[in-house]
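S.K.: Got work35.cif for you, mmCIF, C-alpha atoms and all ligand atoms:
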data_final
loop_
_atom_site.label_atom_id
_atom_site.label_comp_id
_atom_site.auth_asym_id
_atom_site.auth_seq_id
_atom_site.Cartn_x
_atom_site.Cartn_y
_atom_site.Cartn_z
CA MET M 1274 16.39 15.88 -31.02
CA THR M 1275 17.56 12.32 -30.82
CA ILE M 1276 18.48 12.82 -27.17
CA SER M 1277 15.13 14.28 -26.12
CA THR M 1278 13.29 11.48 -27.91
CA ALA M 1279 15.35 8.93 -26.04
CA ARG M 1280 14.52 10.66 -22.76
CA SER M 1281 10.81 10.73 -23.38
CA VAL M 1282 10.90 7.00 -23.97
CA THR M 1283 13.05 6.02 -20.99
CA GLU M 1284 11.81 8.55 -18.44
CA ARG M 1285 8.21 7.46 -18.29
CA ARG M 1286 6.18 8.51 -15.28
CA LYS M 1287 6.56 6.22 -12.31
CA LYS M 1288 3.44 4.44 -11.14
CA VAL M 1289 2.66 4.44 -7.43
CA VAL M 1290 -0.12 2.22 -6.13
CA GLY M 1291 -1.68 2.84 -2.73
CA LEU M 1292 -3.51 -0.03 -1.08
CA ASN M 1293 -6.10 1.50 1.22
CA GLY M 1294 -6.93 -0.95 4.01
CA THR M 1295 -9.51 0.94 6.01
CA PRO M 1296 -13.21 0.27 5.61
CA ARG M 1297 -13.90 3.76 7.05
CA VAL M 1298 -14.46 6.37 4.36
CA GLY M 1299 -12.18 9.25 5.25
CA GLY M 1300 -10.40 7.11 7.84
CA ASN M 1301 -7.22 8.37 9.43
CA SER M 1302 -5.00 5.95 7.51
CA GLU M 1303 -6.84 6.85 4.31
CA VAL M 1304 -6.24 10.58 4.87
CA LEU M 1305 -2.53 9.95 5.35
CA LEU M 1306 -2.40 7.67 2.33
CA ASP M 1307 -4.05 10.36 0.21
CA GLN M 1308 -1.44 12.84 1.35
CA ALA M 1309 1.36 10.42 0.53
CA LEU M 1310 -0.11 9.84 -2.93
CA SER M 1311 -0.38 13.60 -3.43
CA GLY M 1312 3.29 13.90 -2.52
CA ALA M 1313 4.12 11.15 -5.01
CA ALA M 1314 2.15 12.99 -7.68
CA GLU M 1315 4.11 16.14 -6.88
CA SER M 1316 7.24 14.15 -7.63
CA GLY M 1317 5.83 13.38 -11.05
CA ALA M 1318 4.29 9.97 -10.44
CA HIS M 1319 1.05 8.62 -11.75
CA VAL M 1320 -0.84 7.54 -8.63
CA MET M 1321 -3.65 5.12 -8.02
CA ARG M 1322 -5.51 4.40 -4.76
CA ILE M 1323 -7.17 1.03 -4.46
CA ASP M 1324 -9.79 0.74 -1.73
CA VAL M 1325 -9.34 -2.95 -1.05
CA ALA M 1326 -11.47 -2.83 2.12
CA ARG M 1327 -14.49 -1.78 0.09
CA MET M 1328 -14.08 -4.23 -2.73
CA LYS M 1329 -15.31 -7.77 -3.20
CA ILE M 1330 -12.21 -9.71 -2.20
CA SER M 1331 -12.37 -13.03 -0.38
CA GLY M 1332 -9.46 -14.70 1.36
CA CYS M 1333 -7.12 -17.35 0.02
CA ASP M 1334 -8.53 -20.88 0.24
CA ALA M 1335 -5.09 -22.48 -0.07
CA CYS M 1336 -6.44 -24.61 -2.94
CA GLY M 1337 -2.95 -24.78 -4.44
CA SER M 1338 -4.11 -24.07 -7.98
CA CYS M 1339 -1.70 -21.17 -8.34
CA THR M 1340 1.31 -23.30 -7.50
CA ASP M 1341 1.76 -24.36 -11.11
CA SER M 1342 -0.12 -21.67 -12.98
CA GLY M 1343 0.73 -18.59 -10.93
CA ILE M 1344 -2.88 -17.59 -11.40
CA CYS M 1345 -5.62 -17.45 -8.77
CA VAL M 1346 -8.76 -19.33 -9.73
CA LYS M 1347 -11.04 -17.00 -7.79
CA ASP M 1348 -13.03 -14.49 -9.79
CA ASP M 1349 -13.54 -11.30 -7.83
CA ASP M 1350 -12.16 -7.77 -7.52
CA MET M 1351 -8.59 -8.97 -6.99
CA THR M 1352 -8.19 -9.18 -10.77
CA SER M 1353 -7.75 -5.41 -11.01
CA VAL M 1354 -5.46 -5.37 -7.98
CA TYR M 1355 -3.10 -7.91 -9.57
CA SER M 1356 -2.65 -5.86 -12.70
CA ALA M 1357 -2.10 -2.65 -10.71
CA LEU M 1358 0.55 -4.31 -8.56
CA GLU M 1359 2.29 -5.76 -11.58
CA GLY M 1360 2.59 -2.35 -13.21
CA ALA M 1361 3.57 -0.48 -10.04
CA ASP M 1362 7.03 1.04 -9.61
CA ALA M 1363 6.34 1.67 -5.93
CA ILE M 1364 3.69 0.76 -3.42
CA ILE M 1365 2.19 2.34 -0.32
CA VAL M 1366 0.27 0.04 1.99
CA ALA M 1367 -2.02 1.78 4.47
CA SER M 1368 -4.02 0.19 7.24
CA PRO M 1369 -5.73 0.92 10.51
CA LEU M 1370 -4.26 -1.06 13.38
CA TYR M 1371 -6.74 -3.78 14.30
CA PHE M 1372 -5.87 -5.95 17.30
CA SER M 1373 -2.22 -5.11 16.71
CA GLY M 1374 -2.36 -6.22 13.09
CA LEU M 1375 -3.63 -5.18 9.68
CA SER M 1376 -7.32 -4.85 8.88
CA SER M 1377 -8.89 -8.17 7.94
CA GLN M 1378 -10.00 -6.76 4.59
CA LEU M 1379 -6.46 -5.78 3.66
CA LYS M 1380 -5.16 -9.10 4.93
CA ALA M 1381 -7.58 -10.95 2.65
CA ALA M 1382 -6.14 -9.07 -0.35
CA ILE M 1383 -2.61 -9.75 0.86
CA ASP M 1384 -3.22 -13.47 1.21
CA ARG M 1385 -4.60 -13.56 -2.30
CA CYS M 1386 -1.19 -12.40 -3.51
CA GLN M 1387 0.10 -15.88 -2.72
CA CYS M 1388 -0.18 -16.51 -6.48
CA ILE M 1389 2.43 -13.80 -7.11
CA TRP M 1390 4.70 -15.15 -4.39
CA VAL M 1391 4.61 -18.78 -5.57
CA SER M 1392 5.68 -17.97 -9.08
CA GLY M 1393 8.02 -15.17 -8.06
CA PRO M 1394 7.30 -11.54 -8.87
CA ALA M 1395 8.48 -10.32 -12.27
CA ARG M 1396 10.32 -7.43 -10.61
CA SER M 1397 11.82 -7.25 -7.15
CA GLY M 1398 13.26 -4.55 -4.89
CA ARG M 1399 10.77 -1.88 -5.89
CA PRO M 1400 10.39 0.63 -3.05
CA GLY M 1401 7.50 0.30 -0.65
CA ALA M 1402 6.12 2.26 2.28
CA PHE M 1403 3.73 1.39 5.08
CA ILE M 1404 1.34 3.73 6.83
CA CYS M 1405 -0.50 2.53 9.91
CA VAL M 1406 -2.70 4.31 12.44
CA GLY M 1407 -3.66 3.05 15.88
CA GLY M 1408 -6.13 4.51 18.34
CA ASP M 1409 -4.24 3.79 21.56
CA ASN M 1410 -1.53 6.14 22.67
CA ASN M 1411 0.66 3.09 23.24
CA ALA M 1412 -0.33 1.27 20.07
CA ASN M 1413 1.94 -1.65 19.26
CA PHE M 1414 2.78 -1.76 15.54
CA LYS M 1415 5.27 -4.63 15.63
CA ASN M 1416 3.01 -7.28 14.09
CA ALA M 1417 1.52 -4.94 11.52
CA VAL M 1418 4.96 -3.83 10.36
CA SER M 1419 6.11 -7.42 10.13
CA GLU M 1420 3.07 -8.40 8.04
CA ALA M 1421 3.41 -5.40 5.75
CA ARG M 1422 7.11 -5.98 5.16
CA SER M 1423 6.60 -9.68 4.54
CA PHE M 1424 3.83 -8.93 2.05
CA MET M 1425 5.84 -6.35 0.17
CA LYS M 1426 8.89 -8.58 -0.06
CA GLY M 1427 6.80 -11.50 -1.26
CA ILE M 1428 5.39 -9.57 -4.19
CA GLY M 1429 8.54 -7.74 -5.25
CA PHE M 1430 8.74 -4.63 -3.12
CA GLU M 1431 11.04 -3.61 -0.33
CA GLY M 1432 9.56 -1.90 2.72
CA ARG M 1433 11.80 1.13 3.05
CA MET M 1434 9.64 3.64 4.89
CA GLU M 1435 7.15 3.44 7.69
CA MET M 1436 4.80 6.01 9.13
CA LEU M 1437 3.27 4.66 12.32
CA VAL M 1438 0.92 6.95 14.18
CA ALA M 1439 -0.51 6.17 17.62
CA GLY M 1440 -3.29 7.97 19.45
CA LEU M 1441 -5.58 8.67 16.51
CA ASP M 1442 -8.90 6.96 17.12
CA VAL M 1443 -11.75 9.21 16.09
CA LEU M 1444 -12.60 9.69 12.45
CA GLY M 1445 -11.20 12.98 11.21
CA MET M 1446 -8.34 13.29 13.70
CA ALA M 1447 -5.58 12.85 11.12
CA ALA M 1448 -7.03 15.52 8.87
CA LYS M 1449 -6.55 18.09 11.65
CA ARG M 1450 -2.88 17.28 12.19
CA ALA M 1451 -0.86 19.45 9.80
CA ASP M 1452 2.37 17.85 11.05
CA LEU M 1453 1.19 14.39 10.03
CA LEU M 1454 -0.16 15.54 6.71
CA ASP M 1455 3.20 17.14 5.90
CA LYS M 1456 5.07 14.02 6.95
CA ALA M 1457 2.89 11.77 4.79
CA ARG M 1458 3.32 14.07 1.81
CA GLU M 1459 7.07 13.97 2.25
CA LEU M 1460 7.00 10.18 2.43
CA GLY M 1461 5.22 10.06 -0.91
CA ARG M 1462 7.64 12.47 -2.49
CA ASP M 1463 10.67 10.53 -1.22
CA LEU M 1464 9.27 7.20 -2.32
CA VAL M 1465 9.13 8.26 -5.95
CA LEU M 1466 12.71 9.42 -5.85
CA GLN M 1467 13.69 5.86 -4.93
CA ALA M 1468 11.61 4.23 -7.65
C1 LIG M 1501 -11.62 -3.90 15.08
C2 LIG M 1501 -10.75 -2.80 15.63
C3 LIG M 1501 -9.59 -3.15 16.27
C4 LIG M 1501 -8.74 -2.17 16.74
N1 LIG M 1501 -7.58 -2.55 17.37
C5 LIG M 1501 -6.71 -1.59 17.76
C6 LIG M 1501 -5.46 -1.96 18.35
O1 LIG M 1501 -5.13 -3.13 18.52
N2 LIG M 1501 -4.62 -0.97 18.74
C7 LIG M 1501 -4.93 0.35 18.58
O2 LIG M 1501 -4.12 1.20 18.95
N3 LIG M 1501 -6.11 0.72 18.00
C8 LIG M 1501 -6.99 -0.20 17.59
N4 LIG M 1501 -8.17 0.16 16.98
C9 LIG M 1501 -8.42 1.61 16.71
C10 LIG M 1501 -8.07 1.99 15.26
O3 LIG M 1501 -6.76 1.59 14.96
C11 LIG M 1501 -8.19 3.49 15.09
O4 LIG M 1501 -9.54 3.88 15.26
C12 LIG M 1501 -7.69 4.02 13.78
O5 LIG M 1501 -7.80 5.43 13.75
C13 LIG M 1501 -8.47 3.44 12.63
O6 LIG M 1501 -7.92 3.88 11.41
P1 LIG M 1501 -8.85 4.43 10.24
O7 LIG M 1501 -9.43 5.73 10.75
O8 LIG M 1501 -7.93 4.61 9.11
O9 LIG M 1501 -9.91 3.42 10.00
C14 LIG M 1501 -9.07 -0.80 16.56
C15 LIG M 1501 -10.26 -0.46 15.91
C16 LIG M 1501 -11.10 -1.45 15.46
C17 LIG M 1501 -12.38 -1.05 14.76
#
Rewrite the coordinates I just gave you, this time as structure tokens.
Ligand SMILES: Cc1cc2nc3c(=O)[nH]c(=O)nc-3n(C[C@H](O)[C@H](O)[C@H](O)COP(=O)(O)O)c2cc1C
M.R.:
Amino acid sequence: MTISTARSVTERRKKVVGLNGTPRVGGNSEVLLDQALSGAAESGAHVMRIDVARMKISGCDACGSCTDSGICVKDDDMTSVYSALEGADAIIVASPLYFSGLSSQLKAAIDRCQCIWVSGPARSGRPGAFICVGGDNNANFKNAVSEARSFMKGIGFEGRMEMLVAGLDVLGMAAKRADLLDKARELGRDLVLQA
């Protein structure tokens, strides 16, 4: 009895947060993110998707207020994002590829995490994954990957997995690709095992 009590205390469900960077409802990156989160849930995680591209989040003004306090002075929807990130055991960042980078809405949320970076995240090395979808068959993901990895590292995660899909432009394309859906699900499952 003592042993099972100890287990129930220490083996709490992992929390996986998915940052959804597309403004398109049902977007290709969103569909893959949902699959990844479903996979994470299958591995026993508590999952949460945050639609940052549809929230009220303005960019960082570089006012410097957070340098001492570690707290952003802006009062908008980032407040809930901060607490979700703090409690996350793993993160999945998903974005459409826009001009070879992340969506501007996601980037605004990322820049607002400067307040976490300046004071140093409470936990580091938590596993992270990045999902990105580009419309061109020859989509170049280099910059987007670099931004996503830099973001994750800055707030205490380590980008360990990437799912980069080129040639998906039209809304609904990802949902028809069973191979991609399976791959995203597997990514989510694997991520939890590393958390
Ligand atoms: C503003 C904008 C910029 C884009 N830039 C690129 C690009 O640089 N490379 C590319 O392959 N696709 C580009 N695309 C196409 C999107 O990446 C593609 O439609 C993708 O499926 C969008 O993901 P979503 O369905 O999750 O929104 C762009 C689309 C928009 C709206």
S.K.: Please find the residues contacting ligand LIG 1501 (chain M) at a distance of at most 6 Å between atoms, with all atoms listed in the file counted, and report them as a PyMOL selection string.
M.R.: chain M and resi 1295+1297+1300-1303+1369-1373+1406-1409+1412+1441-1444
S.K.: For Gly1317 of chain M, find every residue with an atom within 8 Å (counting all atoms listed in the file), except residues of its own chain fewer than 6 positions away, and show them as a PyMOL selection string.
M.R.: chain M and resi 1286-1287+1465
S.K.: From the set M:Asn1416, M:Gly1299, M:Gly1461, M:Lys1288, which residue has the shortest atom-to-atom contact distance to Leu1358 of chain M, counting all atoms listed in the file?
M.R.: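 Residue with the minimum atom-to-atom distance to Leu1358 of chain M: M:Lys1288.
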S.K.: Hey, what's within 8 Å of Met1434 of chain M if we count all atoms listed in the file and toss same-chain stuff fewer than 3 positions away? As an MDAnalysis selection string, please?
M.R.: chainID M and resid 1401:1403 1460
S.K.: For a quick check of understanding, using all atoms listed in the file, which of M:Ser1331, M:Ser1353, M:Ser1376, M:Thr1340 has the smallest distance to Pro1296 of chain M?
M.R.: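 Of the candidates, the smallest distance to Pro1296 of chain M is held by M:Ser1376.
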S.K.: Fewer than 3 positions away in the same chain doesn't count, so skip those; otherwise give me all residues within 9 Å of Ala1457 of chain M, counting all atoms listed in the file, as a ChimeraX atom specification.
M.R.: /M:1305-1310,1312,1404,1436,1452-1454,1460-1462
S.K.: Closest to Leu1292 of chain M among M:Asp1455, M:Leu1379, M:Ala1314, M:Ser1356, using only C-alpha atoms?
M.R.: M:Leu1379
S.K.: What is the distance between atom CA of Ala1361 of chain M and atom CA of Glu1431 of chain M, in Å to one decimal?
M.R.: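 Computing it gives 12.6 Å between the two atoms.
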S.K.: So what do you get for atom CA of Glu1420 of chain M versus atom CA of Ala1313 of chain M, distance-wise?
M.R.: 23.5 Å
S.K.: Nearest to Ala1382 of chain M: which of M:Met1351, M:Met1425, M:Val1320, M:Cys1339 is it, counting only C-alpha atoms?
M.R.: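 Closest candidate: M:Met1351.
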S.K.: Near Ile1364 of chain M, counting all atoms listed in the file, which residues have an atom at most 6 Å away, once you skip same-chain residues fewer than 3 positions from it, shown as a short mmCIF file (atom, residue, chain, number, x, y, z; two decimals) with C-alpha atoms, in the coordinates of the input?
M.R.:
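Below is the file around37.cif, written as the result:
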data_model
loop_
_atom_site.label_atom_id
_atom_site.label_comp_id
_atom_site.auth_asym_id
_atom_site.auth_seq_id
_atom_site.Cartn_x
_atom_site.Cartn_y
_atom_site.Cartn_z
CA VAL M 1289 2.66 4.44 -7.43
CA VAL M 1290 -0.12 2.22 -6.13
CA GLY M 1291 -1.68 2.84 -2.73
CA GLY M 1401 7.50 0.30 -0.65
#
S.K.: Compare M:Glu1459, M:Asp1384, M:Asp1341, M:Asp1324 by their minimum atom-to-atom distance to Val1366 of chain M, counting all atoms listed in the file, and give me the closest one.
M.R.: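 Smallest separation from Val1366 of chain M among the options: M:Asp1324.
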S.K.: Would you kindly return, as JSON, numbers by chain, each protein, DNA or RNA residue with an atom no farther than 10 Å from any atom of Glu1359 of chain M, considering only C-alpha atoms and excluding same-chain residues fewer than 2 positions away?
M.R.: {"M": [1290, 1354, 1355, 1356, 1357, 1361, 1362, 1389, 1394, 1395, 1396, 1428, 1429]}
S.K.: Could you write those residues out with C-alpha atoms, as a PDB file, in the frame of the given file?
M.R.:
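For reference, result.pdb as written:
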ATOM      1  CA  VAL M1290      -0.120   2.220  -6.130  1.00  0.00           C
ATOM      2  CA  VAL M1354      -5.460  -5.370  -7.980  1.00  0.00           C
ATOM      3  CA  TYR M1355      -3.100  -7.910  -9.570  1.00  0.00           C
ATOM      4  CA  SER M1356      -2.650  -5.860 -12.700  1.00  0.00           C
ATOM      5  CA  ALA M1357      -2.100  -2.650 -10.710  1.00  0.00           C
ATOM      6  CA  ALA M1361       3.570  -0.480 -10.040  1.00  0.00           C
ATOM      7  CA  ASP M1362       7.030   1.040  -9.610  1.00  0.00           C
ATOM      8  CA  ILE M1389       2.430 -13.800  -7.110  1.00  0.00           C
ATOM      9  CA  PRO M1394       7.300 -11.540  -8.870  1.00  0.00           C
ATOM     10  CA  ALA M1395       8.480 -10.320 -12.270  1.00  0.00           C
ATOM     11  CA  ARG M1396      10.320  -7.430 -10.610  1.00  0.00           C
ATOM     12  CA  ILE M1428       5.390  -9.570  -4.190  1.00  0.00           C
ATOM     13  CA  GLY M1429       8.540  -7.740  -5.250  1.00  0.00           C
TER      14      GLY M1429
END
S.K.: Complete the atom set of segment 1377-1399 of chain M to N, CA, C and O atoms and return it as a JSON list (two decimals), keeping the file's coordinate frame.
M.R.:
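The result, stored in result.json:
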[["chain", "number", "residue", "atom", "x", "y", "z"],
["M", 1377, "SER", "N", -8.63, -6.85, 8.53],
["M", 1377, "SER", "CA", -8.89, -8.17, 7.94],
["M", 1377, "SER", "C", -9.14, -8.06, 6.43],
["M", 1377, "SER", "O", -8.78, -8.96, 5.65],
["M", 1378, "GLN", "N", -9.72, -6.93, 6.02],
["M", 1378, "GLN", "CA", -10.00, -6.76, 4.59],
["M", 1378, "GLN", "C", -8.70, -6.66, 3.79],
["M", 1378, "GLN", "O", -8.56, -7.25, 2.71],
["M", 1379, "LEU", "N", -7.77, -5.90, 4.34],
["M", 1379, "LEU", "CA", -6.46, -5.78, 3.66],
["M", 1379, "LEU", "C", -5.74, -7.12, 3.69],
["M", 1379, "LEU", "O", -5.12, -7.54, 2.70],
["M", 1380, "LYS", "N", -5.85, -7.81, 4.81],
["M", 1380, "LYS", "CA", -5.16, -9.10, 4.93],
["M", 1380, "LYS", "C", -5.70, -10.11, 3.92],
["M", 1380, "LYS", "O", -4.94, -10.93, 3.39],
["M", 1381, "ALA", "N", -7.00, -10.04, 3.65],
["M", 1381, "ALA", "CA", -7.58, -10.95, 2.65],
["M", 1381, "ALA", "C", -6.92, -10.69, 1.29],
["M", 1381, "ALA", "O", -6.53, -11.63, 0.57],
["M", 1382, "ALA", "N", -6.77, -9.42, 0.94],
["M", 1382, "ALA", "CA", -6.14, -9.07, -0.35],
["M", 1382, "ALA", "C", -4.68, -9.52, -0.36],
["M", 1382, "ALA", "O", -4.18, -10.03, -1.37],
["M", 1383, "ILE", "N", -4.01, -9.34, 0.76],
["M", 1383, "ILE", "CA", -2.61, -9.75, 0.86],
["M", 1383, "ILE", "C", -2.47, -11.26, 0.65],
["M", 1383, "ILE", "O", -1.63, -11.73, -0.13],
["M", 1384, "ASP", "N", -3.31, -12.01, 1.34],
["M", 1384, "ASP", "CA", -3.22, -13.47, 1.21],
["M", 1384, "ASP", "C", -3.48, -13.94, -0.22],
["M", 1384, "ASP", "O", -2.91, -14.93, -0.68],
["M", 1385, "ARG", "N", -4.30, -13.20, -0.91],
["M", 1385, "ARG", "CA", -4.60, -13.56, -2.30],
["M", 1385, "ARG", "C", -3.42, -13.30, -3.24],
["M", 1385, "ARG", "O", -3.45, -13.72, -4.39],
["M", 1386, "CYS", "N", -2.40, -12.63, -2.70],
["M", 1386, "CYS", "CA", -1.19, -12.40, -3.51],
["M", 1386, "CYS", "C", -0.23, -13.58, -3.40],
["M", 1386, "CYS", "O", 0.89, -13.53, -3.92],
["M", 1387, "GLN", "N", -0.69, -14.65, -2.77],
["M", 1387, "GLN", "CA", 0.10, -15.88, -2.72],
["M", 1387, "GLN", "C", 0.47, -16.33, -4.13],
["M", 1387, "GLN", "O", 1.54, -16.86, -4.38],
["M", 1388, "CYS", "N", -0.44, -16.08, -5.09],
["M", 1388, "CYS", "CA", -0.18, -16.51, -6.48],
["M", 1388, "CYS", "C", 1.00, -15.75, -7.10],
["M", 1388, "CYS", "O", 1.66, -16.26, -8.00],
["M", 1389, "ILE", "N", 1.25, -14.54, -6.62],
["M", 1389, "ILE", "CA", 2.43, -13.80, -7.11],
["M", 1389, "ILE", "C", 3.68, -14.37, -6.44],
["M", 1389, "ILE", "O", 4.71, -14.58, -7.07],
["M", 1390, "TRP", "N", 3.55, -14.63, -5.15],
["M", 1390, "TRP", "CA", 4.70, -15.15, -4.39],
["M", 1390, "TRP", "C", 5.16, -16.50, -4.90],
["M", 1390, "TRP", "O", 6.35, -16.74, -5.07],
["M", 1391, "VAL", "N", 4.21, -17.41, -5.18],
["M", 1391, "VAL", "CA", 4.61, -18.78, -5.57],
["M", 1391, "VAL", "C", 5.39, -18.80, -6.89],
["M", 1391, "VAL", "O", 6.31, -19.61, -7.06],
["M", 1392, "SER", "N", 4.99, -17.93, -7.79],
["M", 1392, "SER", "CA", 5.68, -17.97, -9.08],
["M", 1392, "SER", "C", 6.86, -17.00, -9.12],
["M", 1392, "SER", "O", 7.67, -17.02, -10.04],
["M", 1393, "GLY", "N", 6.93, -16.15, -8.11],
["M", 1393, "GLY", "CA", 8.02, -15.17, -8.06],
["M", 1393, "GLY", "C", 7.63, -13.93, -8.82],
["M", 1393, "GLY", "O", 7.25, -14.01, -9.99],
["M", 1394, "PRO", "N", 7.69, -12.77, -8.17],
["M", 1394, "PRO", "CA", 7.30, -11.54, -8.87],
["M", 1394, "PRO", "C", 8.23, -11.24, -10.03],
["M", 1394, "PRO", "O", 9.42, -11.58, -9.98],
["M", 1395, "ALA", "N", 7.69, -10.64, -11.07],
["M", 1395, "ALA", "CA", 8.48, -10.32, -12.27],
["M", 1395, "ALA", "C", 9.59, -9.33, -11.94],
["M", 1395, "ALA", "O", 10.66, -9.36, -12.52],
["M", 1396, "ARG", "N", 9.31, -8.42, -11.02],
["M", 1396, "ARG", "CA", 10.32, -7.43, -10.61],
["M", 1396, "ARG", "C", 10.44, -7.47, -9.10],
["M", 1396, "ARG", "O", 9.45, -7.68, -8.40],
["M", 1397, "SER", "N", 11.65, -7.25, -8.60],
["M", 1397, "SER", "CA", 11.82, -7.25, -7.15],
["M", 1397, "SER", "C", 12.56, -5.97, -6.72],
["M", 1397, "SER", "O", 13.14, -5.27, -7.55],
["M", 1398, "GLY", "N", 12.52, -5.69, -5.43],
["M", 1398, "GLY", "CA", 13.26, -4.55, -4.89],
["M", 1398, "GLY", "C", 12.66, -3.19, -5.19],
["M", 1398, "GLY", "O", 13.28, -2.16, -4.95],
["M", 1399, "ARG", "N", 11.43, -3.18, -5.68],
["M", 1399, "ARG", "CA", 10.77, -1.88, -5.89],
["M", 1399, "ARG", "C", 10.48, -1.27, -4.51],
["M", 1399, "ARG", "O", 10.15, -2.00, -3.57]]
